[in-house]
>>> print(open('run-v9.cif').read())   # mmCIF, C-alpha atoms
data_entry
loop_
_atom_site.label_atom_id
_atom_site.label_comp_id
_atom_site.auth_asym_id
_atom_site.auth_seq_id
_atom_site.Cartn_x
_atom_site.Cartn_y
_atom_site.Cartn_z
CA MET A 1 74.35 -87.84 17.20
CA THR A 2 73.94 -87.31 20.93
CA GLU A 3 76.25 -85.12 22.97
CA GLN A 4 77.57 -88.07 25.00
CA ARG A 5 78.40 -90.03 21.85
CA ARG A 6 80.26 -87.03 20.45
CA ASP A 7 82.23 -86.69 23.72
CA ILE A 8 83.27 -90.35 23.48
CA LEU A 9 84.40 -89.90 19.88
CA ASP A 10 86.29 -86.73 20.85
CA MET A 11 88.10 -88.62 23.62
CA LEU A 12 88.98 -91.36 21.11
CA ALA A 13 90.26 -88.78 18.63
CA GLU A 14 92.37 -87.13 21.34
CA GLY A 15 93.83 -90.51 22.26
CA LYS A 16 92.47 -90.41 25.81
CA ILE A 17 90.73 -93.76 25.33
CA THR A 18 91.31 -96.73 23.07
CA ALA A 19 88.94 -97.87 20.30
CA ALA A 20 87.85 -100.85 22.43
CA GLU A 21 87.05 -98.56 25.35
CA ALA A 22 85.10 -96.22 23.07
CA GLU A 23 83.09 -99.14 21.77
CA GLN A 24 82.32 -100.26 25.32
CA LEU A 25 81.25 -96.75 26.30
CA ILE A 26 78.99 -96.37 23.26
CA ALA A 27 77.43 -99.78 23.96
CA ALA A 28 76.81 -98.74 27.57
CA LEU A 29 75.32 -95.46 26.36
CA GLU A 30 72.91 -97.28 24.04
CA ARG A 31 71.82 -99.53 26.90
CA THR A 32 71.05 -96.59 29.19
CA GLN A 33 69.14 -94.60 26.58
CA PRO A 34 65.40 -95.37 26.49
CA PRO A 35 64.07 -96.89 23.29
CA VAL A 36 62.46 -94.49 20.87
CA ALA A 37 58.77 -94.50 21.78
CA ALA A 38 55.90 -94.11 19.40
CA SER A 39 55.59 -90.50 20.44
CA ALA A 40 55.36 -87.18 18.67
CA GLU A 41 59.18 -87.16 18.46
CA ALA A 42 59.20 -90.46 16.57
CA ARG A 43 56.50 -89.34 14.19
CA PRO A 44 57.30 -87.22 11.17
CA LYS A 45 56.12 -83.65 11.59
CA GLY A 46 52.59 -83.06 10.34
CA ALA A 47 51.72 -86.77 10.27
CA ALA A 48 49.28 -86.57 13.16
CA LYS A 49 45.67 -86.97 12.11
CA TYR A 50 43.74 -86.89 15.35
CA LEU A 51 43.63 -84.93 18.56
CA ARG A 52 42.96 -87.26 21.48
CA VAL A 53 41.65 -86.24 24.88
CA GLN A 54 41.65 -88.97 27.53
CA VAL A 55 40.32 -88.38 31.01
CA ASP A 56 40.33 -91.07 33.68
CA THR A 57 38.54 -90.29 36.92
CA ASN A 58 37.86 -92.24 40.05
CA ASP A 59 35.79 -89.82 42.10
CA GLY A 60 33.69 -91.46 44.79
CA GLY A 61 34.83 -94.95 43.84
CA GLU A 62 32.99 -94.86 40.50
CA PRO A 63 35.51 -95.08 37.70
CA GLY A 64 34.88 -92.77 34.79
CA ARG A 65 36.57 -92.47 31.47
CA VAL A 66 36.26 -89.95 28.66
CA ASN A 67 37.95 -90.70 25.39
CA VAL A 68 37.51 -88.15 22.61
CA ARG A 69 39.14 -88.35 19.20
CA VAL A 70 38.79 -85.34 16.93
CA PRO A 71 40.29 -85.22 13.43
CA LEU A 72 42.73 -82.30 13.10
CA GLN A 73 41.06 -81.64 9.76
CA LEU A 74 37.87 -80.88 11.68
CA LEU A 75 39.71 -78.29 13.77
CA ARG A 76 41.06 -76.69 10.60
CA ALA A 77 37.58 -76.62 9.07
CA GLY A 78 36.24 -75.11 12.29
CA VAL A 79 38.86 -72.37 12.16
CA ARG A 80 37.86 -71.53 8.58
CA LEU A 81 34.22 -71.42 9.61
CA ALA A 82 35.05 -69.28 12.65
CA ALA A 83 36.79 -66.82 10.32
CA LEU A 84 33.36 -66.00 8.89
CA ILE A 85 31.95 -64.81 12.20
CA PRO A 86 30.83 -61.19 11.68
CA PRO A 87 32.72 -58.52 13.68
CA GLN A 88 29.60 -57.43 15.56
CA ALA A 89 29.16 -61.00 16.87
CA LEU A 90 32.81 -61.05 17.96
CA SER A 91 32.46 -57.77 19.85
CA GLN A 92 29.30 -59.10 21.49
CA ALA A 93 31.19 -62.25 22.50
CA ASN A 94 34.02 -60.06 23.85
CA THR A 95 31.54 -58.16 26.02
CA GLU A 96 30.11 -61.40 27.42
CA LEU A 97 33.60 -62.75 28.07
CA SER A 98 34.54 -59.58 29.93
CA LYS A 99 31.39 -59.86 32.02
CA SER A 100 32.43 -63.41 32.94
CA GLY A 101 35.84 -62.15 34.04
CA ILE A 102 37.71 -63.24 30.92
CA PRO A 103 39.12 -60.12 29.27
CA PHE A 104 39.89 -61.73 25.93
CA ASP A 105 39.70 -59.88 22.62
CA LEU A 106 38.51 -62.35 19.99
CA THR A 107 38.94 -59.77 17.21
CA GLN A 108 42.71 -59.98 17.74
CA LEU A 109 42.66 -63.69 17.01
CA LYS A 110 43.45 -64.15 13.33
CA PRO A 111 42.53 -67.35 11.42
CA GLU A 112 46.14 -67.67 10.23
CA GLN A 113 47.33 -67.75 13.84
CA LEU A 114 44.78 -70.44 14.71
CA GLU A 115 45.81 -72.50 11.70
CA GLU A 116 49.44 -72.19 12.74
CA LEU A 117 48.44 -73.33 16.21
CA ILE A 118 46.75 -76.43 14.78
CA GLU A 119 49.78 -77.12 12.57
CA HIS A 120 51.95 -77.32 15.68
CA LEU A 121 49.43 -79.25 17.78
CA ASP A 122 51.02 -82.60 16.92
CA GLU A 123 54.07 -81.60 18.93
CA VAL A 124 51.99 -80.95 22.03
CA THR A 125 51.33 -83.46 24.79
CA VAL A 126 49.58 -82.39 27.96
CA GLU A 127 49.47 -84.78 30.89
CA VAL A 128 47.89 -84.04 34.23
CA ASP A 129 48.29 -86.67 36.92
CA GLN A 130 46.44 -86.56 40.20
CA PRO A 131 45.86 -89.44 42.62
CA ASP A 132 42.28 -89.98 41.40
CA ASN A 133 42.28 -88.25 38.02
CA LYS A 134 44.40 -88.39 34.96
CA VAL A 135 44.10 -86.17 31.88
CA ARG A 136 46.06 -86.68 28.70
CA VAL A 137 45.84 -84.54 25.56
CA PHE A 138 47.96 -85.55 22.60
CA CYS A 139 47.96 -86.05 18.84
CA GLU A 140 48.26 -89.35 17.04
CA MET B 1 34.23 -87.54 1.79
CA ILE B 2 31.05 -86.99 3.75
CA PRO B 3 30.32 -89.20 6.77
CA GLN B 4 28.88 -92.58 5.86
CA LEU B 5 27.82 -94.05 9.17
CA VAL B 6 27.15 -92.71 12.63
CA THR B 7 27.25 -95.25 15.43
CA VAL B 8 25.52 -94.43 18.71
CA ARG B 9 25.63 -96.69 21.74
CA VAL B 10 24.04 -95.87 25.10
CA GLU B 11 24.39 -98.18 28.09
CA ARG B 12 22.53 -97.54 31.33
CA PRO B 13 22.49 -99.74 34.43
CA GLY B 14 19.37 -101.86 34.64
CA ARG B 15 18.29 -101.14 31.10
CA ALA B 16 18.97 -102.75 27.78
CA PRO B 17 21.73 -101.03 25.85
CA ILE B 18 20.68 -98.92 22.89
CA ARG B 19 22.72 -99.34 19.76
CA ALA B 20 22.03 -97.43 16.56
CA TRP B 21 23.83 -97.42 13.27
CA VAL B 22 22.67 -94.42 11.27
CA PRO B 23 23.55 -94.40 7.57
CA VAL B 24 24.06 -90.71 6.87
CA LEU B 25 23.26 -90.51 3.17
CA PRO B 26 19.85 -92.26 3.25
CA VAL B 27 18.84 -90.28 6.34
CA ALA B 28 19.97 -87.03 4.70
CA LEU B 29 17.93 -87.90 1.62
CA ALA B 30 14.88 -88.68 3.77
CA LEU B 31 15.29 -85.37 5.58
CA SER B 32 16.13 -83.42 2.42
CA PRO B 33 13.02 -81.17 2.64
CA LEU B 34 14.14 -80.07 6.11
CA LEU B 35 17.72 -79.68 4.89
CA ILE B 36 16.52 -77.40 2.08
CA VAL B 37 14.66 -75.24 4.60
CA ALA B 38 17.76 -75.15 6.82
CA ALA B 39 19.91 -74.19 3.82
CA LEU B 40 17.50 -71.37 2.95
CA ALA B 41 17.58 -70.14 6.56
CA ALA B 42 21.39 -70.22 6.47
CA LEU B 43 21.35 -68.29 3.19
CA ILE B 44 19.09 -65.59 4.67
CA ALA B 45 21.29 -65.43 7.80
CA CYS B 46 24.38 -64.96 5.61
CA VAL B 47 22.70 -62.10 3.73
CA VAL B 48 21.45 -60.45 6.94
CA PHE B 49 24.84 -60.67 8.68
CA ARG B 50 26.75 -59.83 5.47
CA VAL B 51 28.71 -63.05 5.37
CA ASP B 52 30.05 -64.30 2.04
CA VAL B 53 27.58 -67.06 1.09
CA VAL B 54 30.06 -69.04 -1.03
CA ARG B 55 32.78 -68.95 1.65
CA ALA B 56 30.24 -69.96 4.29
CA PHE B 57 29.01 -72.86 2.16
CA VAL B 58 32.57 -74.05 1.41
CA ALA B 59 33.55 -73.80 5.09
CA GLY B 60 30.42 -75.66 6.19
CA TRP B 61 30.97 -78.38 3.60
CA ARG B 62 34.60 -78.81 4.70
CA LEU B 63 33.41 -79.11 8.28
CA VAL B 64 30.97 -81.88 7.33
CA CYS B 65 33.61 -83.66 5.24
CA ALA B 66 36.09 -83.51 8.14
CA LEU B 67 33.71 -85.26 10.53
CA PRO B 68 34.66 -88.91 9.73
CA GLY B 69 37.03 -90.24 12.35
CA THR B 70 35.38 -88.36 15.20
CA ARG B 71 34.76 -90.51 18.23
CA VAL B 72 33.39 -89.58 21.64
CA ASP B 73 33.40 -92.31 24.26
CA VAL B 74 32.23 -91.55 27.80
CA HIS B 75 32.06 -94.11 30.62
CA GLU B 76 30.75 -93.26 34.06
CA GLY B 77 30.42 -96.23 36.37
CA ARG B 78 28.15 -98.66 34.55
CA SER B 79 26.77 -96.01 32.16
CA ALA B 80 28.39 -95.36 28.85
CA VAL B 81 27.78 -93.31 25.73
CA LEU B 82 29.62 -93.77 22.47
CA VAL B 83 29.23 -91.67 19.33
CA SER B 84 31.40 -92.58 16.41
CA ILE B 85 31.34 -91.04 12.94
CA ARG B 86 32.81 -92.96 10.06
#
>>> encode(input="run-v9.cif", output="C-alpha cells")
Amino acid sequence: MTEQRRDILDMLAEGKITAAEAEQLIAALERTQPPVAASAEARPKGAAKYLRVQVDTNDGGEPGRVNVRVPLQLLRAGVRLAALIPPQALSQANTELSKSGIPFDLTQLKPEQLEELIEHLDEVTVEVDQPDNKVRVFCE
Amino acid sequence: MIPQLVTVRVERPGRAPIRAWVPVLPVALALSPLLIVAALAALIACVVFRVDVVRAFVAGWRLVCALPGTRVDVHEGRSAVLVSIR
C-alpha cells in the first residue's frame, strides 16, 4: 500500500472525507501513478539471467551500437575461477595496478564478496545519457 | 550444458558479409589432440603454481557450461560484428 493511499484511508477513517470522496481520490491516485514497468522492481529477486550492456554512439555522424549480453552464470563461474589465482599473481597484479595509478589491493577482494555482488546485480541499472552517446547497463 | 553452436557474422562495407555457424562439439572432437595438449599444459601450470587441479578443472568446466546465451553485437557505421553462443 502506498503512503498516499494510506493517507486517504486515514482521512476516511477519521471522517474527514466521505467514502465516495475516498473512492474518487484513490481512482485519481491510480491514474497518476505510472504503470508497473517490466523493470527490476517488477521482476522477482534473483530471476535475472543476463547482464546487458548497451552503448549507442553517434560520434562524427557515424552511428555505432554495442550490445553485449552476458549470462550471470558466466560471471559466477568467472568469480570461482578467479578465486584460484595464486597469491603471488595477485600481488604482481597489485604492483602493476599501483604503477598505473590504481592503488587497488586485489588480495582484499574475497570470492564471497564478488558472489554477493553478482547476486545483487539484478537490482542495478546504470544509465548514462549524453547528447551523442547513451550507455545502459542492466539485468534482464 | 556445453555450448552447441557459435554464430559469427562479420559485415564490412564493400565486401560480402561473412557468416559462420560453428558446431562446437564436432569442432572440439576434431581439435581433440590440441585440446589434450592444452589440458596437459594447464595441468602442469596448476602443479607449478600450486593450484588445486580438481578445483581448477571444475571452475573451468563451469565457465564453459555458462557460455551459452552470450551475445556480443557491435555495429559501427556500416560495419558490424556479431558473436553469439548458444
>>> closest_residue(input="run-v9.cif", among="B:Val47, B:Leu5, B:Leu31, B:Ala16", to="Pro68 (chain B)", atoms="all atoms listed in the file")
B:Leu5
>>> interface_residues(input="run-v9.cif", of="chain A", to="chain B", cutoff="8 Å", atoms="only C-alpha atoms", output="list in words")
Glu62, Pro63, Gly64, Arg65, Val66, Asn67, Val68, Arg69, Val70, Pro71, Gln73, Leu74, Ala77, Gly78, Arg80, Leu81, Leu84, Ile85 and Pro86 of chain A
>>> atom_distance(input="run-v9.cif", atom1="CA of Gln130 (chain A)", atom2="CA of Leu72 (chain A)")
27.7 Å
>>> closest_residue(input="run-v9.cif", among="A:Leu75, A:Leu117, A:Leu12, A:Ala28", to="Tyr50 (chain A)", atoms="only C-alpha atoms")
A:Leu75
>>> resolve_selection(input="run-v9.cif", expression="the PyMOL selection byres ((chain A and resi 5) around 12)", output="list in words")
Met1, Thr2, Glu3, Gln4, Arg6, Asp7, Ile8, Leu9, Asp10, Met11, Leu12, Ala22, Glu23, Gln24, Leu25, Ile26, Ala27, Ala28, Leu29, Glu30 and Gln33 of chain A
>>> write_last_selection(input="run-v9.cif", atoms="C-alpha atoms", output="tab-separated table (two decimals), keeping the file's coordinate frame")
chain	number	residue	atom	x	y	z
A	1	MET	CA	74.35	-87.84	17.20
A	2	THR	CA	73.94	-87.31	20.93
A	3	GLU	CA	76.25	-85.12	22.97
A	4	GLN	CA	77.57	-88.07	25.00
A	6	ARG	CA	80.26	-87.03	20.45
A	7	ASP	CA	82.23	-86.69	23.72
A	8	ILE	CA	83.27	-90.35	23.48
A	9	LEU	CA	84.40	-89.90	19.88
A	10	ASP	CA	86.29	-86.73	20.85
A	11	MET	CA	88.10	-88.62	23.62
A	12	LEU	CA	88.98	-91.36	21.11
A	22	ALA	CA	85.10	-96.22	23.07
A	23	GLU	CA	83.09	-99.14	21.77
A	24	GLN	CA	82.32	-100.26	25.32
A	25	LEU	CA	81.25	-96.75	26.30
A	26	ILE	CA	78.99	-96.37	23.26
A	27	ALA	CA	77.43	-99.78	23.96
A	28	ALA	CA	76.81	-98.74	27.57
A	29	LEU	CA	75.32	-95.46	26.36
A	30	GLU	CA	72.91	-97.28	24.04
A	33	GLN	CA	69.14	-94.60	26.58
>>> resolve_selection(input="run-v9.cif", expression="the PyMOL selection byres ((chain B and resi 24) around 10)", output="list of chain:residue names")
B:Ile2, B:Pro3, B:Gln4, B:Leu5, B:Val6, B:Trp21, B:Val22, B:Pro23, B:Leu25, B:Pro26, B:Val27, B:Ala28, B:Leu29, B:Ala30, B:Ile85, B:Arg86
>>> residues_around(input="run-v9.cif", residues="His120 (chain A)", least_positions_apart="4", cutoff="12 Å", atoms="only C-alpha atoms", output="MDAnalysis selection string")
chainID A and resid 40 45:48 51 72 113:116 124:125 138:139
>>> atom_distance(input="run-v9.cif", atom1="CA of Gln54 (chain A)", atom2="CA of Lys134 (chain A)")
7.9 Å
>>> residues_near_point(input="run-v9.cif", point="(44.8, -87.0, 30.9)", cutoff="8 Å", atoms="all atoms listed in the file", output="short mmCIF file (atom, residue, chain, number, x, y, z; two decimals) with C-alpha atoms, in the coordinates of the input")
data_model
loop_
_atom_site.label_atom_id
_atom_site.label_comp_id
_atom_site.auth_asym_id
_atom_site.auth_seq_id
_atom_site.Cartn_x
_atom_site.Cartn_y
_atom_site.Cartn_z
CA VAL A 53 41.65 -86.24 24.88
CA GLN A 54 41.65 -88.97 27.53
CA VAL A 55 40.32 -88.38 31.01
CA ASP A 56 40.33 -91.07 33.68
CA VAL A 126 49.58 -82.39 27.96
CA GLU A 127 49.47 -84.78 30.89
CA VAL A 128 47.89 -84.04 34.23
CA ASP A 129 48.29 -86.67 36.92
CA ASN A 133 42.28 -88.25 38.02
CA LYS A 134 44.40 -88.39 34.96
CA VAL A 135 44.10 -86.17 31.88
CA ARG A 136 46.06 -86.68 28.70
CA VAL A 137 45.84 -84.54 25.56
#
>>> atom_distance(input="run-v9.cif", atom1="CA of Glu140 (chain A)", atom2="CA of Glu112 (chain A)")
22.8 Å
>>> build_atoms(input="run-v9.cif", residues="region 27-62 of chain B", atoms="N, CA and C atoms", output="PDB file, keeping the file's coordinate frame")
ATOM      1  N   VAL B  27      19.556 -91.145   5.398  1.00  0.00           N
ATOM      2  CA  VAL B  27      18.840 -90.280   6.340  1.00  0.00           C
ATOM      3  C   VAL B  27      18.804 -88.839   5.823  1.00  0.00           C
ATOM      4  N   ALA B  28      19.935 -88.393   5.257  1.00  0.00           N
ATOM      5  CA  ALA B  28      19.970 -87.030   4.700  1.00  0.00           C
ATOM      6  C   ALA B  28      18.985 -86.891   3.547  1.00  0.00           C
ATOM      7  N   LEU B  29      18.897 -87.946   2.740  1.00  0.00           N
ATOM      8  CA  LEU B  29      17.930 -87.900   1.620  1.00  0.00           C
ATOM      9  C   LEU B  29      16.495 -87.863   2.149  1.00  0.00           C
ATOM     10  N   ALA B  30      16.227 -88.658   3.191  1.00  0.00           N
ATOM     11  CA  ALA B  30      14.880 -88.680   3.770  1.00  0.00           C
ATOM     12  C   ALA B  30      14.523 -87.319   4.380  1.00  0.00           C
ATOM     13  N   LEU B  31      15.541 -86.669   4.930  1.00  0.00           N
ATOM     14  CA  LEU B  31      15.290 -85.370   5.580  1.00  0.00           C
ATOM     15  C   LEU B  31      15.591 -84.203   4.646  1.00  0.00           C
ATOM     16  N   SER B  32      15.715 -84.484   3.365  1.00  0.00           N
ATOM     17  CA  SER B  32      16.130 -83.420   2.420  1.00  0.00           C
ATOM     18  C   SER B  32      15.188 -82.207   2.417  1.00  0.00           C
ATOM     19  N   PRO B  33      13.849 -82.391   2.579  1.00  0.00           N
ATOM     20  CA  PRO B  33      13.020 -81.170   2.640  1.00  0.00           C
ATOM     21  C   PRO B  33      13.422 -80.252   3.799  1.00  0.00           C
ATOM     22  N   LEU B  34      13.711 -80.881   4.958  1.00  0.00           N
ATOM     23  CA  LEU B  34      14.140 -80.070   6.110  1.00  0.00           C
ATOM     24  C   LEU B  34      15.504 -79.437   5.853  1.00  0.00           C
ATOM     25  N   LEU B  35      16.381 -80.199   5.177  1.00  0.00           N
ATOM     26  CA  LEU B  35      17.720 -79.680   4.890  1.00  0.00           C
ATOM     27  C   LEU B  35      17.635 -78.474   3.951  1.00  0.00           C
ATOM     28  N   ILE B  36      16.689 -78.531   2.997  1.00  0.00           N
ATOM     29  CA  ILE B  36      16.520 -77.400   2.080  1.00  0.00           C
ATOM     30  C   ILE B  36      16.064 -76.154   2.843  1.00  0.00           C
ATOM     31  N   VAL B  37      15.128 -76.364   3.769  1.00  0.00           N
ATOM     32  CA  VAL B  37      14.660 -75.240   4.600  1.00  0.00           C
ATOM     33  C   VAL B  37      15.812 -74.681   5.433  1.00  0.00           C
ATOM     34  N   ALA B  38      16.614 -75.589   6.005  1.00  0.00           N
ATOM     35  CA  ALA B  38      17.760 -75.150   6.820  1.00  0.00           C
ATOM     36  C   ALA B  38      18.763 -74.385   5.956  1.00  0.00           C
ATOM     37  N   ALA B  39      18.972 -74.871   4.725  1.00  0.00           N
ATOM     38  CA  ALA B  39      19.910 -74.190   3.820  1.00  0.00           C
ATOM     39  C   ALA B  39      19.399 -72.799   3.468  1.00  0.00           C
ATOM     40  N   LEU B  40      18.086 -72.682   3.259  1.00  0.00           N
ATOM     41  CA  LEU B  40      17.500 -71.370   2.950  1.00  0.00           C
ATOM     42  C   LEU B  40      17.658 -70.421   4.146  1.00  0.00           C
ATOM     43  N   ALA B  41      17.421 -70.961   5.348  1.00  0.00           N
ATOM     44  CA  ALA B  41      17.580 -70.140   6.560  1.00  0.00           C
ATOM     45  C   ALA B  41      19.028 -69.677   6.704  1.00  0.00           C
ATOM     46  N   ALA B  42      19.968 -70.586   6.400  1.00  0.00           N
ATOM     47  CA  ALA B  42      21.390 -70.220   6.470  1.00  0.00           C
ATOM     48  C   ALA B  42      21.710 -69.144   5.436  1.00  0.00           C
ATOM     49  N   LEU B  43      21.125 -69.277   4.264  1.00  0.00           N
ATOM     50  CA  LEU B  43      21.350 -68.290   3.190  1.00  0.00           C
ATOM     51  C   LEU B  43      20.863 -66.909   3.626  1.00  0.00           C
ATOM     52  N   ILE B  44      19.658 -66.874   4.207  1.00  0.00           N
ATOM     53  CA  ILE B  44      19.090 -65.590   4.670  1.00  0.00           C
ATOM     54  C   ILE B  44      19.971 -65.010   5.792  1.00  0.00           C
ATOM     55  N   ALA B  45      20.436 -65.892   6.699  1.00  0.00           N
ATOM     56  CA  ALA B  45      21.290 -65.430   7.800  1.00  0.00           C
ATOM     57  C   ALA B  45      22.581 -64.830   7.258  1.00  0.00           C
ATOM     58  N   CYS B  46      23.137 -65.467   6.220  1.00  0.00           N
ATOM     59  CA  CYS B  46      24.380 -64.960   5.610  1.00  0.00           C
ATOM     60  C   CYS B  46      24.149 -63.565   5.025  1.00  0.00           C
ATOM     61  N   VAL B  47      23.006 -63.398   4.357  1.00  0.00           N
ATOM     62  CA  VAL B  47      22.700 -62.100   3.730  1.00  0.00           C
ATOM     63  C   VAL B  47      22.495 -61.035   4.811  1.00  0.00           C
ATOM     64  N   VAL B  48      21.744 -61.417   5.863  1.00  0.00           N
ATOM     65  CA  VAL B  48      21.450 -60.450   6.940  1.00  0.00           C
ATOM     66  C   VAL B  48      22.743 -60.018   7.642  1.00  0.00           C
ATOM     67  N   PHE B  49      23.615 -60.995   7.943  1.00  0.00           N
ATOM     68  CA  PHE B  49      24.840 -60.670   8.680  1.00  0.00           C
ATOM     69  C   PHE B  49      26.023 -60.364   7.766  1.00  0.00           C
ATOM     70  N   ARG B  50      25.748 -60.207   6.481  1.00  0.00           N
ATOM     71  CA  ARG B  50      26.750 -59.830   5.470  1.00  0.00           C
ATOM     72  C   ARG B  50      27.968 -60.767   5.485  1.00  0.00           C
ATOM     73  N   VAL B  51      27.657 -62.036   5.453  1.00  0.00           N
ATOM     74  CA  VAL B  51      28.710 -63.050   5.370  1.00  0.00           C
ATOM     75  C   VAL B  51      28.722 -63.597   3.947  1.00  0.00           C
ATOM     76  N   ASP B  52      29.916 -63.775   3.400  1.00  0.00           N
ATOM     77  CA  ASP B  52      30.050 -64.300   2.040  1.00  0.00           C
ATOM     78  C   ASP B  52      29.408 -65.693   1.966  1.00  0.00           C
ATOM     79  N   VAL B  53      28.359 -65.815   1.149  1.00  0.00           N
ATOM     80  CA  VAL B  53      27.580 -67.060   1.090  1.00  0.00           C
ATOM     81  C   VAL B  53      28.458 -68.223   0.592  1.00  0.00           C
ATOM     82  N   VAL B  54      29.235 -67.963  -0.441  1.00  0.00           N
ATOM     83  CA  VAL B  54      30.060 -69.040  -1.030  1.00  0.00           C
ATOM     84  C   VAL B  54      31.089 -69.522  -0.009  1.00  0.00           C
ATOM     85  N   ARG B  55      31.769 -68.571   0.662  1.00  0.00           N
ATOM     86  CA  ARG B  55      32.780 -68.950   1.650  1.00  0.00           C
ATOM     87  C   ARG B  55      32.142 -69.726   2.798  1.00  0.00           C
ATOM     88  N   ALA B  56      30.944 -69.281   3.195  1.00  0.00           N
ATOM     89  CA  ALA B  56      30.240 -69.960   4.290  1.00  0.00           C
ATOM     90  C   ALA B  56      29.866 -71.388   3.879  1.00  0.00           C
ATOM     91  N   PHE B  57      29.398 -71.529   2.629  1.00  0.00           N
ATOM     92  CA  PHE B  57      29.010 -72.860   2.160  1.00  0.00           C
ATOM     93  C   PHE B  57      30.241 -73.775   2.095  1.00  0.00           C
ATOM     94  N   VAL B  58      31.336 -73.242   1.535  1.00  0.00           N
ATOM     95  CA  VAL B  58      32.570 -74.050   1.410  1.00  0.00           C
ATOM     96  C   VAL B  58      33.064 -74.460   2.808  1.00  0.00           C
ATOM     97  N   ALA B  59      33.061 -73.495   3.741  1.00  0.00           N
ATOM     98  CA  ALA B  59      33.550 -73.800   5.090  1.00  0.00           C
ATOM     99  C   ALA B  59      32.657 -74.837   5.773  1.00  0.00           C
ATOM    100  N   GLY B  60      31.354 -74.698   5.601  1.00  0.00           N
ATOM    101  CA  GLY B  60      30.420 -75.660   6.190  1.00  0.00           C
ATOM    102  C   GLY B  60      30.588 -77.047   5.592  1.00  0.00           C
ATOM    103  N   TRP B  61      30.785 -77.102   4.283  1.00  0.00           N
ATOM    104  CA  TRP B  61      30.970 -78.380   3.600  1.00  0.00           C
ATOM    105  C   TRP B  61      32.253 -79.062   4.070  1.00  0.00           C
ATOM    106  N   ARG B  62      33.326 -78.254   4.221  1.00  0.00           N
ATOM    107  CA  ARG B  62      34.600 -78.810   4.700  1.00  0.00           C
ATOM    108  C   ARG B  62      34.442 -79.370   6.115  1.00  0.00           C
TER     109      ARG B  62
END
